[in-house]
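Participant: File follows, start-v4.cif with mmCIF, C-alpha atoms:
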```cif
data_input
#
loop_
_atom_site.label_atom_id
_atom_site.label_comp_id
_atom_site.auth_asym_id
_atom_site.auth_seq_id
_atom_site.Cartn_x
_atom_site.Cartn_y
_atom_site.Cartn_z
CA MET A 10 106.97 -17.17 151.76
CA PRO A 11 107.49 -14.06 153.84
CA PRO A 12 105.01 -11.22 153.23
CA LYS A 13 105.69 -8.14 151.10
CA ASN A 14 106.86 -5.90 153.94
CA GLN A 15 109.35 -8.59 154.85
CA GLN A 16 110.63 -8.46 151.29
CA ASP A 17 111.18 -4.70 151.60
CA ARG A 18 112.90 -5.17 154.92
CA PHE A 19 115.08 -7.89 153.45
CA VAL A 20 116.11 -5.75 150.48
CA ALA A 21 116.96 -2.89 152.85
CA LEU A 22 119.07 -5.17 155.08
CA ILE A 23 120.86 -6.79 152.17
CA ASP A 24 121.57 -3.37 150.68
CA GLU A 25 122.99 -2.20 153.98
CA HIS A 26 125.29 -5.24 154.21
CA ARG A 27 126.01 -5.68 150.51
CA LYS A 28 129.74 -5.23 150.94
CA ILE A 29 129.89 -8.56 152.75
CA LEU A 30 128.55 -10.25 149.63
CA PHE A 31 131.02 -8.49 147.33
CA LYS A 32 133.98 -9.31 149.53
CA ILE A 33 133.04 -12.96 149.89
CA ALA A 34 132.38 -13.23 146.16
CA GLY A 35 135.80 -11.66 145.56
CA ALA A 36 137.50 -14.39 147.55
CA TYR A 37 135.61 -17.39 146.14
CA ALA A 38 134.81 -16.56 142.51
CA ARG A 39 137.40 -16.55 139.76
CA ASN A 40 136.15 -13.83 137.43
CA ALA A 41 133.56 -11.08 137.07
CA ALA A 42 130.88 -13.32 135.58
CA ASP A 43 131.29 -15.92 138.34
CA ARG A 44 131.27 -13.18 140.95
CA GLU A 45 127.95 -11.87 139.66
CA ASP A 46 126.45 -15.37 139.62
CA LEU A 47 127.70 -16.02 143.12
CA ILE A 48 126.31 -12.76 144.48
CA GLN A 49 122.90 -13.53 142.99
CA GLU A 50 123.04 -17.03 144.44
CA MET A 51 123.94 -15.65 147.87
CA VAL A 52 121.10 -13.12 147.74
CA LEU A 53 118.62 -15.81 146.73
CA GLN A 54 119.68 -18.21 149.44
CA THR A 55 119.68 -15.44 152.04
CA TRP A 56 116.13 -14.58 150.97
CA ARG A 57 115.06 -18.23 151.14
CA SER A 58 116.53 -18.53 154.63
CA PHE A 59 115.23 -15.16 155.81
CA GLY A 60 112.21 -16.77 157.49
CA ARG A 61 114.62 -18.44 159.93
CA TYR A 62 116.40 -15.23 160.83
CA ASP A 63 116.16 -14.51 164.55
CA GLU A 64 116.05 -10.76 165.23
CA ALA A 65 117.95 -11.33 168.48
CA GLN A 66 120.99 -12.19 166.36
CA ARG A 67 123.09 -9.63 164.50
CA PHE A 68 122.03 -9.64 160.85
CA SER A 69 125.63 -9.50 159.65
CA THR A 70 126.62 -12.62 161.63
CA TRP A 71 123.62 -14.49 160.27
CA MET A 72 124.30 -13.27 156.75
CA TYR A 73 127.96 -14.32 156.88
CA ARG A 74 126.82 -17.87 157.55
CA VAL A 75 124.43 -18.02 154.61
CA ALA A 76 126.75 -16.20 152.23
CA LEU A 77 129.81 -18.27 153.15
CA ASN A 78 127.87 -21.53 152.95
CA VAL A 79 126.71 -20.60 149.45
CA ALA A 80 130.17 -19.36 148.45
CA ILE A 81 131.92 -22.55 149.60
CA SER A 82 129.38 -24.70 147.75
CA PHE A 83 129.80 -22.53 144.65
CA TYR A 84 133.59 -22.69 144.86
CA ARG A 85 133.53 -26.45 145.23
CA GLN A 86 131.23 -26.79 142.26
CA GLN A 87 133.53 -24.62 140.13
CA THR A 88 136.70 -26.46 141.14
CA ARG A 89 134.98 -29.81 140.57
CA ARG A 90 134.23 -28.73 137.02
CA SER A 91 137.67 -27.45 136.19
CA ARG A 92 139.70 -29.77 138.46
CA VAL A 93 142.31 -27.01 138.38
CA LEU A 94 142.46 -24.84 141.44
CA VAL A 95 141.84 -21.22 140.78
CA ASN A 96 145.09 -19.34 140.82
CA ASP A 97 145.22 -16.48 138.42
CA GLN A 98 142.00 -14.60 137.99
CA MET A 99 140.34 -15.03 141.34
CA ALA A 100 140.05 -13.01 144.47
CA ILE A 101 139.98 -9.35 144.96
CA GLU A 102 139.76 -7.10 141.96
CA LEU A 103 142.97 -5.20 141.82
CA ALA A 104 141.12 -2.57 139.86
CA LEU A 105 139.17 -1.79 142.99
CA ALA A 106 142.31 -1.17 144.96
CA PRO A 107 142.81 2.30 146.23
CA GLY A 108 145.77 4.40 145.35
CA GLY A 109 149.45 3.81 145.29
CA HIS A 110 151.87 1.15 144.29
CA GLU A 111 152.46 -0.04 147.84
CA THR A 112 148.78 -0.71 148.48
CA GLN A 113 148.54 -2.55 145.20
CA GLU A 114 151.43 -4.73 146.30
CA ASP A 115 149.88 -5.35 149.70
CA LEU A 116 146.62 -6.24 148.06
CA ALA A 117 148.46 -8.63 145.79
CA THR A 118 150.05 -10.18 148.89
CA LEU A 119 146.61 -10.54 150.43
CA ARG A 120 145.31 -12.11 147.26
CA ARG A 121 148.17 -14.60 147.17
CA LEU A 122 147.50 -15.46 150.80
CA ILE A 123 143.81 -16.09 150.14
CA GLU A 124 144.70 -18.27 147.16
CA THR A 125 146.82 -20.56 149.31
CA LEU A 126 143.98 -21.18 151.78
CA ASP A 127 141.30 -23.82 151.53
CA GLU A 128 137.57 -23.05 151.69
CA PHE A 129 137.45 -22.82 155.48
CA GLY A 130 140.69 -20.86 155.78
CA ARG A 131 139.35 -18.25 153.37
CA ALA A 132 136.19 -17.89 155.43
CA LEU A 133 138.28 -17.47 158.57
CA VAL A 134 140.51 -14.79 157.05
CA ILE A 135 137.59 -12.83 155.58
CA LEU A 136 135.81 -12.85 158.93
CA TYR A 137 138.98 -11.76 160.72
CA LEU A 138 139.88 -9.01 158.27
CA ASP A 139 136.31 -7.73 158.44
CA GLY A 140 136.89 -7.05 162.12
CA ASN A 141 134.76 -9.79 163.65
CA SER A 142 135.64 -10.95 167.16
CA TYR A 143 136.88 -14.49 167.83
CA ALA A 144 133.49 -15.25 169.38
CA GLU A 145 131.66 -14.09 166.24
CA ILE A 146 134.01 -16.00 163.95
CA ALA A 147 133.51 -19.10 166.09
CA THR A 148 129.73 -18.69 165.86
CA VAL A 149 129.79 -18.35 162.09
CA LEU A 150 132.15 -21.26 161.50
CA GLY A 151 130.84 -23.53 164.23
CA ILE A 152 134.18 -24.09 165.99
CA SER A 153 135.51 -23.01 169.37
CA GLU A 154 137.07 -19.61 170.03
CA SER A 155 140.37 -21.20 170.98
CA ASN A 156 140.43 -23.03 167.68
CA VAL A 157 139.83 -19.74 165.87
CA GLY A 158 142.89 -18.36 167.66
CA THR A 159 145.01 -21.39 166.82
CA LYS A 160 144.11 -21.28 163.17
CA LEU A 161 144.64 -17.55 162.86
CA ASN A 162 148.06 -17.85 164.47
CA ARG A 163 148.92 -20.55 161.97
CA ILE A 164 147.82 -18.38 159.07
CA LYS A 165 149.75 -15.41 160.46
CA GLN A 166 152.88 -17.54 160.69
CA GLN A 167 152.28 -18.85 157.18
CA LEU A 168 152.06 -15.28 155.94
CA ARG A 169 155.24 -14.25 157.77
CA ASP A 170 157.13 -17.22 156.28
CA LYS A 171 155.80 -16.52 152.82
CA TYR A 172 156.73 -12.87 153.06
CA ALA A 173 160.19 -13.70 154.37
CA ASP A 174 160.71 -16.08 151.44
CA GLU A 175 159.60 -13.43 148.98
CA GLU A 176 161.94 -10.87 150.58
CA LYS A 177 164.77 -13.37 150.32
CA ASP A 178 163.94 -13.99 146.65
CA HIS A 179 163.97 -10.25 145.96
CA GLY A 180 167.27 -9.94 147.80
CA THR A 181 169.01 -12.63 145.78
CA ARG A 182 167.90 -11.18 142.43
CA MET B 6 154.22 -8.70 156.54
CA GLU B 7 151.64 -9.32 159.28
CA LEU B 8 148.01 -10.29 158.83
CA ASP B 9 147.07 -7.33 161.00
CA GLU B 10 148.87 -5.01 158.59
CA LEU B 11 146.72 -6.44 155.82
CA LYS B 12 143.67 -5.46 157.85
CA ALA B 13 144.38 -1.85 156.87
CA VAL B 14 144.53 -2.89 153.20
CA TRP B 15 141.26 -4.75 153.62
CA GLN B 16 139.65 -1.72 155.24
CA ALA B 17 140.78 0.47 152.37
CA TYR B 18 139.33 -2.08 149.99
CA ASP B 19 136.13 -1.97 152.04
CA ARG B 20 135.93 1.82 151.74
CA LYS B 21 136.56 1.64 148.03
CA LEU B 22 133.68 -0.82 147.69
CA ASP B 23 131.34 1.80 149.14
CA THR B 24 131.65 3.87 146.01
CA SER B 25 132.30 1.22 143.43
CA ILE B 26 129.28 -0.95 144.17
CA ARG B 27 126.70 1.75 144.64
CA LEU B 28 125.33 1.06 141.17
CA SER B 29 125.18 -2.65 141.90
CA THR B 30 122.26 -2.41 144.33
CA GLU B 31 119.93 -3.44 141.51
CA LEU B 32 121.96 -6.62 141.13
CA LEU B 33 121.10 -7.47 144.73
CA LYS B 34 117.39 -6.77 144.43
CA ALA B 35 116.82 -8.40 141.07
CA PRO B 36 116.85 -12.09 142.09
CA VAL B 37 114.35 -11.50 144.90
CA LEU B 38 112.04 -9.29 142.89
CA ARG B 39 111.88 -11.58 139.89
CA LYS B 40 111.56 -14.64 142.15
CA ALA B 41 114.52 -16.38 140.54
CA LYS B 42 115.32 -19.95 141.53
CA GLY B 43 118.61 -20.71 143.22
CA ALA B 44 120.89 -23.70 142.58
CA THR B 45 119.36 -25.69 145.46
CA THR B 46 115.82 -25.09 144.23
CA ARG B 47 116.78 -26.07 140.69
CA LEU B 48 118.42 -29.26 141.95
CA LEU B 49 115.35 -30.07 144.04
CA ILE B 50 113.10 -29.62 141.00
CA VAL B 51 115.27 -31.97 138.90
CA TRP B 52 115.34 -34.60 141.65
CA GLN B 53 111.58 -34.33 142.17
CA ILE B 54 110.96 -34.86 138.45
CA GLU B 55 113.31 -37.85 138.46
CA LEU B 56 111.59 -39.19 141.57
CA ALA B 57 108.18 -38.84 139.88
CA LEU B 58 109.48 -40.77 136.85
CA ALA B 59 110.94 -43.47 139.11
CA CYS B 60 107.58 -43.74 140.92
CA ILE B 61 105.72 -44.09 137.62
CA ALA B 62 108.16 -46.82 136.57
CA LEU B 63 107.73 -48.53 139.94
CA ALA B 64 103.92 -48.43 139.62
CA PHE B 65 104.13 -49.86 136.10
CA ILE B 66 106.52 -52.65 137.14
CA GLY B 67 104.46 -53.39 140.27
CA GLY B 68 101.27 -53.63 138.20
CA PHE B 69 103.00 -55.83 135.63
CA THR B 70 104.37 -58.19 138.30
CA TRP B 71 100.98 -58.49 139.97
CA MET B 72 99.23 -59.21 136.66
CA HIS B 73 101.75 -61.94 135.81
CA ILE B 74 101.97 -63.41 139.29
CA LEU B 75 101.30 -66.91 137.89
CA HIS B 76 104.15 -66.70 135.37
CA PRO B 77 107.45 -67.07 137.24
CA ARG B 78 109.57 -65.94 134.25
CA PHE B 79 107.82 -62.58 134.20
CA VAL B 80 107.60 -62.32 137.99
CA PHE B 81 111.38 -62.84 138.23
CA SER B 82 112.12 -60.01 135.78
CA GLY B 83 109.48 -57.80 137.39
CA LEU B 84 110.82 -58.35 140.91
CA LEU B 85 114.39 -57.61 139.85
CA LEU B 86 113.34 -54.30 138.35
CA MET B 87 111.08 -53.56 141.31
CA ILE B 88 113.98 -53.94 143.73
CA LEU B 89 116.10 -51.55 141.64
CA ALA B 90 113.22 -49.07 141.34
CA ILE B 91 112.50 -49.19 145.10
CA VAL B 92 116.18 -48.55 145.91
CA LEU B 93 116.22 -45.69 143.39
CA VAL B 94 113.04 -44.15 144.82
CA SER B 95 114.33 -44.43 148.37
CA THR B 96 117.64 -42.75 147.50
CA TYR B 97 115.78 -39.88 145.83
CA VAL B 98 113.43 -39.49 148.80
CA ARG B 99 116.33 -39.46 151.26
CA ARG B 100 118.34 -36.97 149.22
CA ILE B 101 115.37 -34.65 148.68
CA MET B 102 114.50 -34.71 152.38
CA ALA B 103 118.14 -34.11 153.36
CA LEU B 104 118.50 -31.20 150.93
CA ARG B 105 115.23 -29.63 152.12
CA ALA B 106 116.47 -29.91 155.70
CA ILE B 107 119.76 -28.08 155.04
CA ASP B 108 119.95 -24.83 156.95
CA PHE B 109 122.22 -22.46 155.05
CA SER B 110 122.16 -20.12 158.02
CA GLY B 111 123.67 -22.83 160.21
CA PRO B 112 127.35 -22.99 161.24
CA ILE B 113 129.55 -23.34 158.15
CA LEU B 114 131.19 -26.62 159.10
CA SER B 115 128.07 -28.54 159.96
CA SER B 116 126.10 -27.21 156.97
CA GLN B 117 128.97 -28.02 154.60
CA LYS B 118 129.28 -31.53 155.98
CA GLN B 119 125.57 -32.10 155.52
CA LEU B 120 125.77 -30.83 151.94
CA GLU B 121 128.74 -33.05 151.19
CA ALA B 122 126.96 -36.08 152.66
CA ILE B 123 124.15 -35.47 150.16
CA ARG B 124 126.72 -35.15 147.40
CA ILE B 125 128.29 -38.47 148.42
CA ALA B 126 124.86 -40.12 148.32
CA GLU B 127 124.32 -38.66 144.84
CA ILE B 128 127.71 -39.86 143.60
CA ARG B 129 127.04 -43.38 144.88
CA ALA B 130 123.54 -43.42 143.36
CA THR B 131 124.90 -42.33 139.97
CA LYS B 132 127.71 -44.87 140.11
CA TRP B 133 125.41 -47.79 140.89
CA THR B 134 122.81 -46.66 138.37
CA LEU B 135 125.48 -46.60 135.66
CA LEU B 136 126.83 -49.97 136.73
CA LEU B 137 123.49 -51.76 137.06
CA ALA B 138 121.66 -50.23 134.10
CA PRO B 139 123.34 -52.48 131.49
CA LEU B 140 122.40 -55.56 133.55
CA ALA B 141 118.85 -54.34 134.08
CA TRP B 142 118.46 -54.03 130.33
CA THR B 143 117.43 -57.69 129.85
CA PRO B 144 114.65 -57.85 132.50
CA PHE B 145 113.59 -54.37 131.36
CA MET B 146 113.13 -55.66 127.83
CA VAL B 147 111.15 -58.67 129.10
CA VAL B 148 108.78 -56.42 131.08
CA VAL B 149 108.36 -53.72 128.42
CA PHE B 150 107.78 -56.13 125.53
CA GLN B 151 105.21 -58.13 127.48
CA GLY B 152 103.66 -55.21 129.36
CA LEU B 153 103.29 -52.80 126.44
CA PHE B 154 103.22 -54.99 123.29
CA HIS B 155 102.16 -58.39 124.67
CA VAL B 156 105.26 -59.96 123.16
CA ASP B 157 106.67 -62.79 125.25
CA VAL B 158 110.42 -62.39 124.86
CA PHE B 159 111.07 -65.89 126.22
CA ALA B 160 108.85 -67.43 123.55
CA THR B 161 109.84 -65.10 120.71
CA PHE B 162 113.64 -65.09 121.05
CA PRO B 163 115.96 -68.05 121.63
CA VAL B 164 117.54 -68.44 125.08
CA LYS B 165 120.96 -67.78 123.51
CA TRP B 166 119.77 -64.33 122.52
CA LEU B 167 118.79 -63.54 126.12
CA ILE B 168 122.10 -64.83 127.44
CA GLY B 169 123.82 -62.77 124.77
CA ASN B 170 122.09 -59.67 126.12
CA ILE B 171 123.31 -60.38 129.64
CA VAL B 172 126.86 -60.93 128.37
CA PHE B 173 126.59 -57.73 126.35
CA GLY B 174 125.52 -55.93 129.55
CA LEU B 175 128.63 -57.21 131.33
CA ILE B 176 130.83 -56.05 128.45
CA VAL B 177 129.19 -52.60 128.57
CA ILE B 178 129.96 -52.37 132.32
CA ALA B 179 133.61 -53.26 131.71
CA LEU B 180 133.72 -50.73 128.87
CA GLU B 181 132.13 -48.03 131.03
CA ARG B 182 134.77 -48.59 133.70
CA TRP B 183 137.61 -48.53 131.19
CA ILE B 184 136.35 -45.35 129.51
CA SER B 185 135.80 -43.66 132.87
CA TYR B 186 139.40 -44.29 133.91
CA ARG B 187 140.93 -43.49 130.56
CA TYR B 188 138.87 -40.61 129.16
CA ALA B 189 137.12 -38.83 132.06
CA GLU B 190 139.67 -36.00 132.06
CA ARG B 191 139.36 -35.45 128.33
CA LEU B 192 135.63 -34.75 128.53
CA ARG B 193 135.98 -31.10 129.55
CA ASN B 194 133.51 -30.00 126.89
CA SER B 195 130.78 -32.27 128.25
CA PRO B 196 130.53 -31.41 131.97
CA ARG B 197 127.63 -33.79 132.65
CA LEU B 198 129.29 -36.73 130.95
CA GLN B 199 132.54 -35.92 132.71
CA ARG B 200 130.73 -35.81 136.07
CA TRP B 201 129.23 -39.26 135.42
CA MET B 202 132.61 -40.66 134.42
CA ARG B 203 134.21 -39.19 137.53
CA ASP B 204 131.38 -40.62 139.64
CA LEU B 205 132.09 -43.97 138.05
CA ASN B 206 135.87 -43.97 138.40
CA GLY B 207 135.77 -42.81 142.01
CA TYR B 208 137.42 -39.43 141.50
CA ASN B 209 134.40 -37.46 142.73
CA LEU B 210 133.89 -39.75 145.71
CA GLN B 211 137.53 -39.39 146.70
CA ALA B 212 137.29 -35.58 146.42
CA ALA B 213 134.12 -35.53 148.51
CA MET B 214 135.68 -37.76 151.16
CA GLY B 215 138.73 -35.49 151.20
CA PHE B 216 136.50 -32.49 151.82
CA MET B 217 134.73 -34.31 154.66
CA ARG B 218 138.10 -35.18 156.15
CA ARG B 219 139.27 -31.56 155.98
CA ALA B 220 136.06 -30.36 157.62
CA SER B 221 136.41 -32.96 160.36
CA GLU B 222 140.04 -32.01 160.99
CA PHE B 223 138.92 -28.41 161.43
CA GLU B 224 136.46 -29.61 164.08
CA GLU B 225 138.79 -32.17 165.63
CA GLU B 226 141.25 -29.45 166.52
CA ALA B 227 138.40 -27.51 168.03
CA ARG B 228 137.62 -30.40 170.34
CA ALA B 229 141.27 -30.91 171.17
CA GLN B 230 141.61 -27.26 172.03
CA GLY B 231 138.28 -27.08 173.86
#
```
Any chance you could give the structure as structure tokens?

Facilitator:
Amino acid sequence: MPPKNQQDRFVALIDEHRKILFKIAGAYARNAADREDLIQEMVLQTWRSFGRYDEAQRFSTWMYRVALNVAISFYRQQTRRSRVLVNDQMAIELALAPGGHETQEDLATLRRLIETLDEFGRALVILYLDGNSYAEIATVLGISESNVGTKLNRIKQQLRDKYADEEKDHGTR
Amino acid sequence: MELDELKAVWQAYDRKLDTSIRLSTELLKAPVLRKAKGATTRLLIVWQIELALACIALAFIGGFTWMHILHPRFVFSGLLLMILAIVLVSTYVRRIMALRAIDFSGPILSSQKQLEAIRIAEIRATKWTLLLAPLAWTPFMVVVFQGLFHVDVFATFPVKWLIGNIVFGLIVIALERWISYRYAERLRNSPRLQRWMRDLNGYNLQAAMGFMRRASEFEEEARAQG
């Protein structure tokens, strides 16, 4: 068990990077209660793994790995229980969305996109949207940079197609 | 709509989080400060308790078999149970060691594959325990009656009764299978029972294999690209 000063340091680091936890929980948990459970689980596992943290590495990169590993396991456990894939209550709290109608709509689009992705696709999109480089995403996921690029291009195309379909639907109504 | 356009939405969401989660800092500190146990730790504790019980059973059966080494009818029952107990103990030991070795700070794909491999081992162990338990009932009764109450089942009950127990065990296995296929999805209010039924009917194994396949495909493309 790490000593007390390590605990203080850990709490400070986790506090500094807490948004990562909230965003990941938003993409993998289906409601507020699940989100809270998942965040606690991620904090606990990050604390348990903290002894292995290498200072030479960026804390955020290391934390993404732990948090996403916990989130994917949590998500799988939840979907195993319900057998029904989460589709209505999950993802980003719209209540947290800033401002106007357009942003709300964009956020809804983002939410719908996340819902269509599997566990790994969600991780990829979160890492990308959070501004991580291909190299960092590759390190977190454990795949090559070129594969990150391929998969992101596929998701981008998927989004374009989906948006075009929606536009078409709106147009025909 | 482009993914890069959504980056701006995500950034706005990020900024909004700054203010909305300020009060939630306590939520982050609480689990560490009160030394709460995570899901992995809780699972390890359960498996370690079950392993301890399996070891106690193995010691009891081993002692019984040794004490009755000159009585083949008891030795046969004892050995059968010993084999089952040894397999059970070894699966627990392997799963506990594998779970302890998981590095959650490792790359997502490899850590998830390791976790799923443990899950597959657990599903298989549950399935075979449920399938073999009704058959193990007869030798179990022989050992327990003789070992604890000094009642020789072979001398006390007619052979037909023993055969009846074995047949009953086979019927229970068939019934288990039938129920698992027919009613597993209706057991939503009993998650544990539903999990066992899904372990038995192969649904959970299929799902776990599907996950492994998806993870491998993710990696396969990486190799193809690299």

Participant: What do you get, as a PDB file with C-alpha atoms, keeping the file's coordinate frame, if you spell out every residue that the PyMOL selection byres ((chain A) within 7 of (chain B)) selects here?

Facilitator:
```
ATOM      1  CA  VAL A  20     116.110  -5.750 150.480  1.00  0.00           C
ATOM      2  CA  ASP A  24     121.570  -3.370 150.680  1.00  0.00           C
ATOM      3  CA  LYS A  28     129.740  -5.230 150.940  1.00  0.00           C
ATOM      4  CA  GLN A  49     122.900 -13.530 142.990  1.00  0.00           C
ATOM      5  CA  GLU A  50     123.040 -17.030 144.440  1.00  0.00           C
ATOM      6  CA  VAL A  52     121.100 -13.120 147.740  1.00  0.00           C
ATOM      7  CA  LEU A  53     118.620 -15.810 146.730  1.00  0.00           C
ATOM      8  CA  GLN A  54     119.680 -18.210 149.440  1.00  0.00           C
ATOM      9  CA  SER A  58     116.530 -18.530 154.630  1.00  0.00           C
ATOM     10  CA  TRP A  71     123.620 -14.490 160.270  1.00  0.00           C
ATOM     11  CA  ARG A  74     126.820 -17.870 157.550  1.00  0.00           C
ATOM     12  CA  VAL A  75     124.430 -18.020 154.610  1.00  0.00           C
ATOM     13  CA  ASN A  78     127.870 -21.530 152.950  1.00  0.00           C
ATOM     14  CA  ARG A  90     134.230 -28.730 137.020  1.00  0.00           C
ATOM     15  CA  LEU A 105     139.170  -1.790 142.990  1.00  0.00           C
ATOM     16  CA  ALA A 106     142.310  -1.170 144.960  1.00  0.00           C
ATOM     17  CA  PRO A 107     142.810   2.300 146.230  1.00  0.00           C
ATOM     18  CA  THR A 112     148.780  -0.710 148.480  1.00  0.00           C
ATOM     19  CA  ASP A 115     149.880  -5.350 149.700  1.00  0.00           C
ATOM     20  CA  LEU A 116     146.620  -6.240 148.060  1.00  0.00           C
ATOM     21  CA  LEU A 119     146.610 -10.540 150.430  1.00  0.00           C
ATOM     22  CA  LEU A 138     139.880  -9.010 158.270  1.00  0.00           C
ATOM     23  CA  THR A 148     129.730 -18.690 165.860  1.00  0.00           C
ATOM     24  CA  VAL A 149     129.790 -18.350 162.090  1.00  0.00           C
ATOM     25  CA  LEU A 150     132.150 -21.260 161.500  1.00  0.00           C
ATOM     26  CA  GLY A 151     130.840 -23.530 164.230  1.00  0.00           C
ATOM     27  CA  ILE A 152     134.180 -24.090 165.990  1.00  0.00           C
ATOM     28  CA  SER A 153     135.510 -23.010 169.370  1.00  0.00           C
ATOM     29  CA  SER A 155     140.370 -21.200 170.980  1.00  0.00           C
ATOM     30  CA  ASN A 156     140.430 -23.030 167.680  1.00  0.00           C
ATOM     31  CA  LYS A 165     149.750 -15.410 160.460  1.00  0.00           C
ATOM     32  CA  LEU A 168     152.060 -15.280 155.940  1.00  0.00           C
ATOM     33  CA  ARG A 169     155.240 -14.250 157.770  1.00  0.00           C
ATOM     34  CA  TYR A 172     156.730 -12.870 153.060  1.00  0.00           C
TER      35      TYR A 172
END
```

Participant: What does the structure give for the distance between atom CA of Ile88 of chain B and atom CA of Ala62 of chain B, in Å to one decimal?

Facilitator: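 Result for atom CA of Ile88 of chain B versus atom CA of Ala62 of chain B: 11.7 Å, one decimal.
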
Participant: Would you kindly translate the PyMOL selection byres ((chain A and resi 133) around 10) into the concrete residues it picks from this file, as a PyMOL selection string?

Facilitator: chain A and resi 126-132+134-139+141+143+146-147+149-150+157+160-161+164

Participant: Which neighbours of Asn170 of chain B fall inside 12 Å, counting all atoms listed in the file, when residues of the same chain fewer than 4 positions from it are skipped, and could you give them as a list in words?

Facilitator: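 In the requested form, the answer reads Pro139, Leu140, Ala141, Trp142, Thr143, Pro144, Phe145, Met146, Val147, Phe162, Pro163, Val164, Lys165, Trp166, Gly174, Leu175, Ile176 and Val177 of chain B.
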
Participant: Limited to C-alpha atoms, could you put the picked residues into a file as a short mmCIF file (atom, residue, chain, number, x, y, z; two decimals), in the frame of the given file?

Facilitator:
```cif
data_model
loop_
_atom_site.label_atom_id
_atom_site.label_comp_id
_atom_site.auth_asym_id
_atom_site.auth_seq_id
_atom_site.Cartn_x
_atom_site.Cartn_y
_atom_site.Cartn_z
CA PRO B 139 123.34 -52.48 131.49
CA LEU B 140 122.40 -55.56 133.55
CA ALA B 141 118.85 -54.34 134.08
CA TRP B 142 118.46 -54.03 130.33
CA THR B 143 117.43 -57.69 129.85
CA PRO B 144 114.65 -57.85 132.50
CA PHE B 145 113.59 -54.37 131.36
CA MET B 146 113.13 -55.66 127.83
CA VAL B 147 111.15 -58.67 129.10
CA PHE B 162 113.64 -65.09 121.05
CA PRO B 163 115.96 -68.05 121.63
CA VAL B 164 117.54 -68.44 125.08
CA LYS B 165 120.96 -67.78 123.51
CA TRP B 166 119.77 -64.33 122.52
CA GLY B 174 125.52 -55.93 129.55
CA LEU B 175 128.63 -57.21 131.33
CA ILE B 176 130.83 -56.05 128.45
CA VAL B 177 129.19 -52.60 128.57
#
```

Participant: When the PyMOL selection byres ((chain B and resi 53) around 12) is applied to the structure above, which residues does it catch, written out as number ranges by chain?

Facilitator: B: 46-52, 54-60, 94, 96-102, 104-105

Participant: Rounded to one decimal, what separation in Å do you get between atom CA of His76 of chain B and atom CA of Leu93 of chain B?

Facilitator: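 Between atom CA of His76 of chain B and atom CA of Leu93 of chain B the gap is 25.5 Å.
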
Participant: Work out how far atom CA of Ala106 of chain B is from atom CA of Trp56 of chain A, in Å to one decimal.

Facilitator: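 Between these atoms lies a distance of 16.0 Å.
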
Participant: For Trp201 of chain B, which residue out of B:Ile128, B:Ile178, B:Val80, B:Leu153 is the nearest one, using all atoms listed in the file?

Facilitator: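 Answer, going by the shortest atom-to-atom distance: B:Ile128.
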
Participant: Name all residues at most 8 Å from Ile48 of chain A (count all atoms listed in the file; drop same-chain ones fewer than 3 positions away) and give them as a PDB file with C-alpha atoms, in the coordinates of the input.

Facilitator:
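Produced file selection27.pdb, reproduced below:
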```
ATOM      1  CA  LEU A  30     128.550 -10.250 149.630  1.00  0.00           C
ATOM      2  CA  PHE A  31     131.020  -8.490 147.330  1.00  0.00           C
ATOM      3  CA  ALA A  34     132.380 -13.230 146.160  1.00  0.00           C
ATOM      4  CA  ARG A  44     131.270 -13.180 140.950  1.00  0.00           C
ATOM      5  CA  GLU A  45     127.950 -11.870 139.660  1.00  0.00           C
ATOM      6  CA  MET A  51     123.940 -15.650 147.870  1.00  0.00           C
ATOM      7  CA  VAL A  52     121.100 -13.120 147.740  1.00  0.00           C
TER       8      VAL A  52
ATOM      9  CA  LEU B  33     121.100  -7.470 144.730  1.00  0.00           C
TER      10      LEU B  33
END
```

Participant: So, with only C-alpha atoms as the atoms that count, which of B:Ala122, B:Leu85, B:Leu137, B:Leu75 lies closest to Arg218 of chain B?

Facilitator: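 The answer is B:Ala122, which sits nearest to Arg218 of chain B.
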
Participant: Using all atoms listed in the file, pick whichever of A:Gln86, A:Gln66, A:Asp43, A:Gly60 has the shortest atom-to-atom distance to Arg124 of chain B.

Facilitator: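 Residue with the minimum atom-to-atom distance to Arg124 of chain B: A:Gln86.
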
Participant: Please rebuild segment 201-206 of chain B with N, CA and C atoms and give the result as a JSON list (two decimals), in the frame of the given file.

Facilitator:
```
[["chain", "number", "residue", "atom", "x", "y", "z"],
["B", 201, "TRP", "N", 129.61, -37.84, 135.30],
["B", 201, "TRP", "CA", 129.23, -39.26, 135.42],
["B", 201, "TRP", "C", 130.47, -40.16, 135.41],
["B", 202, "MET", "N", 131.38, -39.85, 134.51],
["B", 202, "MET", "CA", 132.61, -40.66, 134.42],
["B", 202, "MET", "C", 133.43, -40.57, 135.71],
["B", 203, "ARG", "N", 133.48, -39.36, 136.27],
["B", 203, "ARG", "CA", 134.21, -39.19, 137.53],
["B", 203, "ARG", "C", 133.48, -39.85, 138.69],
["B", 204, "ASP", "N", 132.14, -39.90, 138.62],
["B", 204, "ASP", "CA", 131.38, -40.62, 139.64],
["B", 204, "ASP", "C", 131.71, -42.12, 139.54],
["B", 205, "LEU", "N", 131.85, -42.55, 138.30],
["B", 205, "LEU", "CA", 132.09, -43.97, 138.05],
["B", 205, "LEU", "C", 133.51, -44.39, 138.43],
["B", 206, "ASN", "N", 134.49, -43.55, 138.12],
["B", 206, "ASN", "CA", 135.87, -43.97, 138.40],
["B", 206, "ASN", "C", 136.33, -43.64, 139.82]]
```
